>>> print(open('data-v6.cif').read())   # mmCIF, C-alpha atoms
data_protein
loop_
_atom_site.label_atom_id
_atom_site.label_comp_id
_atom_site.auth_asym_id
_atom_site.auth_seq_id
_atom_site.Cartn_x
_atom_site.Cartn_y
_atom_site.Cartn_z
CA MET E 1 0.00 0.00 0.00
CA ASP E 2 1.35 3.47 -0.96
CA ASP E 3 1.85 5.97 1.85
CA ALA E 4 0.86 9.62 1.83
CA LEU E 5 3.18 10.31 4.75
CA VAL E 6 6.08 8.42 6.29
CA ILE E 7 7.97 9.82 9.29
CA ARG E 8 10.95 7.94 10.69
CA ASN E 9 12.94 8.84 13.82
CA LEU E 10 12.09 12.52 13.50
CA SER E 11 13.75 14.87 15.99
CA LYS E 12 13.75 18.60 16.67
CA SER E 13 14.83 20.54 19.77
CA TYR E 14 13.79 23.87 21.19
CA PRO E 15 14.63 25.37 24.60
CA GLY E 16 12.53 23.35 27.02
CA PHE E 17 11.13 20.95 24.42
CA ASP E 18 12.41 17.95 22.48
CA LEU E 19 10.70 16.03 19.72
CA ARG E 20 12.30 12.61 20.06
CA ASN E 21 12.45 9.77 17.52
CA VAL E 22 8.91 10.25 16.24
CA SER E 23 7.82 7.61 13.73
CA PHE E 24 4.45 6.93 12.09
CA ARG E 25 2.92 6.44 8.64
CA LEU E 26 -0.34 7.35 6.92
CA PRO E 27 -1.48 5.20 3.95
CA ARG E 28 -3.00 6.97 0.95
CA GLY E 29 -6.73 7.49 1.01
CA TYR E 30 -7.15 7.64 4.79
CA ILE E 31 -7.56 10.17 7.59
CA MET E 32 -5.16 10.27 10.53
CA GLY E 33 -6.00 12.15 13.70
CA LEU E 34 -2.92 13.72 15.30
CA ILE E 35 -3.82 14.31 18.93
CA GLY E 36 -2.25 15.29 22.22
CA PRO E 37 -2.35 18.09 24.81
CA ASN E 38 -0.92 21.53 24.17
CA GLY E 39 2.85 21.35 23.93
CA ALA E 40 2.88 17.70 22.87
CA GLY E 41 4.54 18.45 19.53
CA LYS E 42 1.64 18.43 17.03
CA THR E 43 2.34 21.85 15.53
CA THR E 44 6.08 21.18 15.44
CA ILE E 45 5.49 18.04 13.37
CA ILE E 46 3.26 19.93 10.95
CA LYS E 47 5.88 22.66 10.53
CA LEU E 48 8.50 19.99 9.88
CA ILE E 49 6.31 18.27 7.27
CA LEU E 50 5.81 21.59 5.48
CA ASN E 51 9.52 22.41 5.84
CA LEU E 52 8.73 25.62 7.70
CA VAL E 53 11.41 24.54 10.17
CA ARG E 54 14.26 22.13 9.48
CA ARG E 55 14.46 18.75 11.13
CA GLU E 56 17.56 17.85 13.11
CA GLY E 57 17.27 14.11 12.56
CA GLY E 58 15.14 11.51 10.85
CA GLU E 59 13.22 11.38 7.58
CA ILE E 60 9.97 12.76 6.21
CA ALA E 61 8.48 11.46 2.96
CA VAL E 62 5.32 13.04 1.54
CA LEU E 63 3.61 11.24 -1.35
CA GLY E 64 6.73 9.15 -1.72
CA ARG E 65 9.22 12.04 -1.91
CA ASP E 66 11.61 13.67 0.54
CA ASN E 67 9.98 16.83 1.87
CA ILE E 68 13.18 18.88 1.56
CA VAL E 69 14.59 17.58 -1.72
CA ASP E 70 11.21 17.78 -3.50
CA GLU E 71 9.68 20.64 -1.53
CA THR E 72 8.20 22.52 -4.52
CA TRP E 73 6.65 19.39 -6.04
CA ILE E 74 5.13 18.42 -2.68
CA LYS E 75 3.67 21.83 -1.84
CA GLU E 76 1.90 21.90 -5.19
CA ARG E 77 0.02 18.80 -3.99
CA ILE E 78 -0.65 19.76 -0.36
CA GLY E 79 -3.66 21.65 0.97
CA PHE E 80 -2.89 23.33 4.30
CA VAL E 81 -5.20 24.94 6.85
CA HIS E 82 -3.73 26.68 9.90
CA GLU E 83 -5.68 27.12 13.12
CA THR E 84 -5.46 30.92 12.76
CA PRO E 85 -5.75 31.65 9.02
CA ALA E 86 -4.07 34.91 7.94
CA PHE E 87 -5.47 36.91 5.02
CA TYR E 88 -5.23 40.43 3.63
CA GLY E 89 -8.26 41.98 5.26
CA HIS E 90 -8.85 44.59 2.55
CA LEU E 91 -9.24 41.96 -0.18
CA SER E 92 -12.50 40.30 -1.13
CA VAL E 93 -13.03 36.54 -1.15
CA ARG E 94 -12.90 36.58 -4.96
CA ARG E 95 -9.60 38.51 -5.03
CA THR E 96 -8.09 36.32 -2.31
CA ALA E 97 -8.88 33.20 -4.32
CA SER E 98 -7.41 34.78 -7.45
CA LEU E 99 -4.11 35.44 -5.67
CA VAL E 100 -3.92 31.98 -4.08
CA GLY E 101 -4.82 30.25 -7.33
CA ARG E 102 -1.72 31.62 -9.05
CA PHE E 103 0.47 29.36 -6.93
CA TYR E 104 -1.17 26.13 -8.14
CA ASP E 105 -1.15 24.69 -11.63
CA ALA E 106 -4.21 22.60 -10.79
CA TRP E 107 -6.28 25.47 -9.35
CA ASP E 108 -10.00 25.00 -10.09
CA ASP E 109 -11.84 28.30 -9.78
CA GLY E 110 -15.17 26.64 -10.48
CA ARG E 111 -14.72 24.31 -7.55
CA PHE E 112 -13.72 27.20 -5.29
CA ARG E 113 -16.87 29.10 -6.20
CA ARG E 114 -18.99 26.01 -5.50
CA LEU E 115 -17.35 25.54 -2.11
CA ALA E 116 -17.73 29.23 -1.32
CA GLY E 117 -21.45 28.86 -1.99
CA GLU E 118 -21.70 25.75 0.19
CA PHE E 119 -19.78 27.44 3.02
CA GLY E 120 -21.75 30.70 2.80
CA LEU E 121 -18.81 32.88 1.70
CA PRO E 122 -19.90 36.05 -0.18
CA LEU E 123 -17.41 36.41 -3.04
CA ASP E 124 -17.37 40.22 -2.97
CA LYS E 125 -17.17 40.72 0.80
CA LYS E 126 -13.86 41.83 2.32
CA VAL E 127 -12.16 39.11 4.33
CA GLY E 128 -11.32 41.49 7.18
CA ARG E 129 -15.01 41.64 8.09
CA PHE E 130 -15.24 37.88 8.65
CA SER E 131 -15.38 36.17 12.00
CA ARG E 132 -12.67 33.69 12.93
CA GLY E 133 -14.93 30.79 12.04
CA THR E 134 -15.76 32.25 8.63
CA LYS E 135 -12.06 32.80 7.91
CA MET E 136 -11.53 29.12 8.69
CA LYS E 137 -14.22 28.25 6.15
CA LEU E 138 -12.40 30.36 3.57
CA ALA E 139 -9.10 28.64 4.35
CA LEU E 140 -10.75 25.26 3.88
CA ALA E 141 -12.32 26.26 0.57
CA LEU E 142 -8.92 27.43 -0.70
CA ALA E 143 -7.21 24.23 0.46
CA LEU E 144 -9.79 22.06 -1.30
CA SER E 145 -9.69 23.87 -4.65
CA HIS E 146 -6.43 22.76 -6.26
CA ASP E 147 -6.84 18.98 -6.38
CA ALA E 148 -4.60 18.41 -3.36
CA GLU E 149 -3.62 14.79 -2.75
CA PHE E 150 -2.69 15.42 0.87
CA LEU E 151 -4.53 17.75 3.27
CA VAL E 152 -2.78 18.97 6.42
CA LEU E 153 -5.28 20.48 8.85
CA ASP E 154 -4.08 22.17 12.03
CA GLU E 155 -7.05 22.50 14.41
CA PRO E 156 -9.47 23.08 11.49
CA THR E 157 -12.64 23.00 13.60
CA SER E 158 -11.41 25.48 16.19
CA GLY E 159 -13.86 28.37 16.43
CA LEU E 160 -16.48 26.74 14.22
CA ASP E 161 -20.09 26.22 15.20
CA PRO E 162 -21.21 22.60 15.79
CA VAL E 163 -23.31 22.49 12.60
CA PHE E 164 -20.42 23.49 10.34
CA ARG E 165 -18.07 21.18 12.20
CA ARG E 166 -20.33 18.28 11.27
CA GLU E 167 -20.52 19.51 7.67
CA LEU E 168 -16.72 19.75 7.50
CA LEU E 169 -16.25 16.21 8.77
CA ALA E 170 -18.76 14.93 6.22
CA THR E 171 -16.89 16.82 3.48
CA LEU E 172 -13.60 15.24 4.50
CA SER E 173 -15.12 11.77 4.43
CA GLY E 174 -16.51 12.44 0.95
CA LEU E 175 -13.08 13.47 -0.31
CA LEU E 176 -11.66 10.06 0.43
CA GLN E 177 -14.03 8.20 -1.85
CA ASP E 178 -11.52 8.58 -4.70
CA GLY E 179 -8.93 6.57 -2.75
CA ARG E 180 -6.14 9.08 -3.43
CA THR E 181 -6.74 11.97 -1.02
CA SER E 182 -5.26 11.65 2.46
CA VAL E 183 -5.73 13.85 5.52
CA LEU E 184 -3.58 14.61 8.57
CA PHE E 185 -6.02 16.15 11.05
CA SER E 186 -4.43 17.74 14.12
CA THR E 187 -6.95 18.56 16.83
CA HIS E 188 -7.53 18.76 20.56
CA ILE E 189 -11.26 18.06 20.04
CA THR E 190 -11.03 14.29 20.07
CA SER E 191 -14.77 13.87 19.51
CA ASP E 192 -14.22 15.21 15.98
CA LEU E 193 -12.25 12.03 15.24
CA ASP E 194 -14.86 9.53 16.43
CA ARG E 195 -16.22 8.93 12.92
CA PRO E 196 -13.81 10.15 10.23
CA ALA E 197 -10.39 9.08 11.53
CA ASP E 198 -9.03 5.75 10.27
CA PHE E 199 -5.76 6.08 12.23
CA ILE E 200 -4.85 7.84 15.47
CA THR E 201 -1.41 9.09 16.49
CA PHE E 202 -1.16 10.27 20.09
CA LEU E 203 1.73 12.54 21.10
CA LEU E 204 2.78 13.31 24.64
CA GLY E 205 5.84 15.28 25.65
CA GLY E 206 7.39 15.10 22.19
CA GLU E 207 7.06 11.33 21.86
CA VAL E 208 4.57 8.98 20.18
CA VAL E 209 2.52 7.09 22.76
CA PHE E 210 0.77 5.07 20.07
CA SER E 211 0.05 5.24 16.35
CA CYS E 212 -2.44 2.69 15.07
CA SER E 213 -5.75 2.15 13.36
CA ARG E 214 -8.90 3.12 15.21
CA GLU E 215 -9.94 -0.54 15.36
CA THR E 216 -6.61 -1.56 16.90
CA LEU E 217 -6.88 1.24 19.42
CA ARG E 218 -10.37 0.19 20.43
CA ASP E 219 -9.28 -3.44 20.85
CA SER E 220 -6.00 -2.74 22.66
CA TRP E 221 -7.03 -0.66 25.67
CA VAL E 222 -9.28 -1.47 28.61
CA LEU E 223 -10.68 0.94 31.20
CA VAL E 224 -10.87 -0.72 34.62
CA LYS E 225 -12.92 0.62 37.52
CA GLY E 226 -12.85 -0.69 41.08
CA GLY E 227 -12.17 -0.08 44.74
CA GLY E 228 -8.87 1.37 45.85
CA ASP E 229 -8.08 -1.80 47.81
CA LEU E 230 -7.50 -3.59 44.48
CA LEU E 231 -4.38 -1.53 43.82
CA ASP E 232 -1.18 -3.01 45.22
CA GLU E 233 2.40 -3.71 44.16
CA ARG E 234 1.24 -6.41 41.74
CA SER E 235 -1.65 -4.59 40.06
CA ARG E 236 -0.31 -1.03 39.82
CA PRO E 237 2.43 -1.81 37.25
CA LEU E 238 -0.20 -3.26 34.89
CA PHE E 239 -1.80 0.17 34.34
CA ARG E 240 -0.56 2.78 31.88
CA ALA E 241 -2.52 5.50 33.70
CA LEU E 242 -4.45 5.70 36.97
CA ARG E 243 -6.94 8.12 38.44
CA GLU E 244 -7.57 7.55 42.15
CA THR E 245 -10.30 9.10 44.30
CA PRO E 246 -11.59 8.38 47.82
CA PHE E 247 -14.26 6.23 46.16
CA GLY E 248 -12.03 4.02 44.02
CA PHE E 249 -9.95 4.19 40.85
CA GLN E 250 -10.06 4.28 37.08
CA GLY E 251 -7.17 2.56 35.36
CA LEU E 252 -6.14 2.39 31.72
CA THR E 253 -4.32 -0.71 30.58
CA SER E 254 -3.23 -2.48 27.43
CA ARG E 255 -2.75 -5.67 29.47
CA GLY E 256 -6.41 -6.43 29.99
CA ALA E 257 -6.07 -10.22 30.21
CA GLU E 258 -3.48 -9.98 32.99
CA VAL E 259 -5.58 -7.49 34.93
CA ARG E 260 -8.67 -9.69 34.65
CA ARG E 261 -6.76 -12.73 35.93
CA LEU E 262 -5.38 -10.77 38.86
CA LEU E 263 -8.46 -8.76 39.90
CA GLY E 264 -11.19 -11.12 38.77
CA GLU E 265 -14.48 -10.38 37.07
CA LYS E 266 -16.59 -9.55 40.11
CA GLN E 267 -14.46 -7.04 41.98
CA ALA E 268 -13.76 -4.73 39.03
CA ALA E 269 -15.64 -3.42 35.99
CA TYR E 270 -14.09 -3.51 32.52
CA GLU E 271 -15.02 -1.18 29.66
CA LYS E 272 -13.74 -0.13 26.26
CA PRO E 273 -12.51 3.45 26.78
CA SER E 274 -13.41 6.34 24.52
CA LEU E 275 -10.66 8.28 22.81
CA ASP E 276 -11.40 11.16 25.19
CA GLU E 277 -10.85 8.90 28.20
CA ILE E 278 -7.57 7.55 26.84
CA VAL E 279 -6.19 11.03 26.16
CA PHE E 280 -7.43 12.43 29.49
CA LEU E 281 -5.99 9.66 31.64
CA MET E 282 -2.65 9.46 29.83
CA SER E 283 -2.23 13.24 29.83
CA ARG E 284 -2.79 13.36 33.60
CA GLU E 285 0.09 10.96 34.06
CA SER E 286 2.57 13.12 32.14
#
>>> encode(input="data-v6.cif", output="structure tokens")
Amino acid sequence: MDDALVIRNLSKSYPGFDLRNVSFRLPRGYIMGLIGPNGAGKTTIIKLILNLVRREGGEIAVLGRDNIVDETWIKERIGFVHETPAFYGHLSVRRTASLVGRFYDAWDDGRFRRLAGEFGLPLDKKVGRFSRGTKMKLALALALSHDAEFLVLDEPTSGLDPVFRRELLATLSGLLQDGRTSVLFSTHITSDLDRPADFITFLLGGEVVFSCSRETLRDSWVLVKGGGDLLDERSRPLFRALRETPFGFQGLTSRGAEVRRLLGEKQAAYEKPSLDEIVFLMSRES
């Protein structure tokens, strides 16, 4: 299977932060959710993919090519949406699209105008009068109008109303029907990934905690609930994350069979955790 993105042993250091040996891959035609708390390294990885900052170690291949050696070729085929889109406020939507379209050989003005209509973007209104959410809609319309094979979305639903968020997620799912468009979707709103994401990569403190398909994730982790007396020197090491209260504990484990044998079926409750629960519990442990 071809890959839209391959990252191997990626590293980058800043004062007080290190991205360490990050590796994951995204097959063509799928959506990957890139998640993690603020400061985990999501934006740094996106900047490295786009070659906005230079990596210090490792490899990045986009659509089968090195992102530095073939930077121009790659950027022609990437659609990018930043969490805080920046536009010339005195320009209209129509003029903004005209300027952006000059950078792409495959620009489709007809498609942009259709998307502008679907997103409620008046072509002759100045962009500076738009709300943050409407500017995000414009950024998305621009990113989707030059036949991009790989979409990189940095918090694309931030500031959007719930109705448009649902519409956006449906649009992304529709894009993948051709089997060639892939999406890297960075977000802190994990509920946005419940339906569209095929793969999840979870970052914490500059490292990959896991990167796997949504099905594998759902099958790998178990949320255990029980009384505090069940936690001792044998059971504690079996949990990746623990939340303890005066009334008991919640524990996250990828060693469900061992925990069941040790604690039994009657003393503890076992559930499949949601993505929100996994991120919350693991982030508390960092």
>>> residues_around(input="data-v6.cif", residues="stretch 252-256 of chain E", least_positions_apart="4", cutoff="10 Å", atoms="only C-alpha atoms", output="MDAnalysis selection string")
chainID E and resid 217 219:225 237:243 260:262 270:273 277:278 281:282
>>> closest_residue(input="data-v6.cif", among="E:Asp198, E:Glu56, E:Glu71, E:Asp192", to="E:Pro27", atoms="only C-alpha atoms")
E:Asp198
>>> closest_residue(input="data-v6.cif", among="E:Arg28, E:Arg102, E:Lys135, E:Arg234", to="E:Phe150", atoms="all atoms listed in the file")
E:Arg28
>>> resolve_selection(input="data-v6.cif", expression="the PyMOL selection byres ((chain E and resi 12-20) around 10)", output="ChimeraX atom specification")
/E:9-11,21-23,39-42,44-45,48,53-58,203-208
>>> write_last_selection(input="data-v6.cif", atoms="C-alpha atoms", output="PDB file, keeping the file's coordinate frame")
ATOM      1  CA  ASN E   9      12.940   8.840  13.820  1.00  0.00           C
ATOM      2  CA  LEU E  10      12.090  12.520  13.500  1.00  0.00           C
ATOM      3  CA  SER E  11      13.750  14.870  15.990  1.00  0.00           C
ATOM      4  CA  ASN E  21      12.450   9.770  17.520  1.00  0.00           C
ATOM      5  CA  VAL E  22       8.910  10.250  16.240  1.00  0.00           C
ATOM      6  CA  SER E  23       7.820   7.610  13.730  1.00  0.00           C
ATOM      7  CA  GLY E  39       2.850  21.350  23.930  1.00  0.00           C
ATOM      8  CA  ALA E  40       2.880  17.700  22.870  1.00  0.00           C
ATOM      9  CA  GLY E  41       4.540  18.450  19.530  1.00  0.00           C
ATOM     10  CA  LYS E  42       1.640  18.430  17.030  1.00  0.00           C
ATOM     11  CA  THR E  44       6.080  21.180  15.440  1.00  0.00           C
ATOM     12  CA  ILE E  45       5.490  18.040  13.370  1.00  0.00           C
ATOM     13  CA  LEU E  48       8.500  19.990   9.880  1.00  0.00           C
ATOM     14  CA  VAL E  53      11.410  24.540  10.170  1.00  0.00           C
ATOM     15  CA  ARG E  54      14.260  22.130   9.480  1.00  0.00           C
ATOM     16  CA  ARG E  55      14.460  18.750  11.130  1.00  0.00           C
ATOM     17  CA  GLU E  56      17.560  17.850  13.110  1.00  0.00           C
ATOM     18  CA  GLY E  57      17.270  14.110  12.560  1.00  0.00           C
ATOM     19  CA  GLY E  58      15.140  11.510  10.850  1.00  0.00           C
ATOM     20  CA  LEU E 203       1.730  12.540  21.100  1.00  0.00           C
ATOM     21  CA  LEU E 204       2.780  13.310  24.640  1.00  0.00           C
ATOM     22  CA  GLY E 205       5.840  15.280  25.650  1.00  0.00           C
ATOM     23  CA  GLY E 206       7.390  15.100  22.190  1.00  0.00           C
ATOM     24  CA  GLU E 207       7.060  11.330  21.860  1.00  0.00           C
ATOM     25  CA  VAL E 208       4.570   8.980  20.180  1.00  0.00           C
TER      26      VAL E 208
END
>>> resolve_selection(input="data-v6.cif", expression="the PyMOL selection byres ((chain E and resi 61) around 10)", output="list in words")
Asp3, Ala4, Leu5, Val6, Ile7, Arg8, Arg25, Ile49, Glu59, Ile60, Val62, Leu63, Gly64, Arg65, Asp66, Asn67, Ile68, Val69, Asp70 and Ile74 of chain E
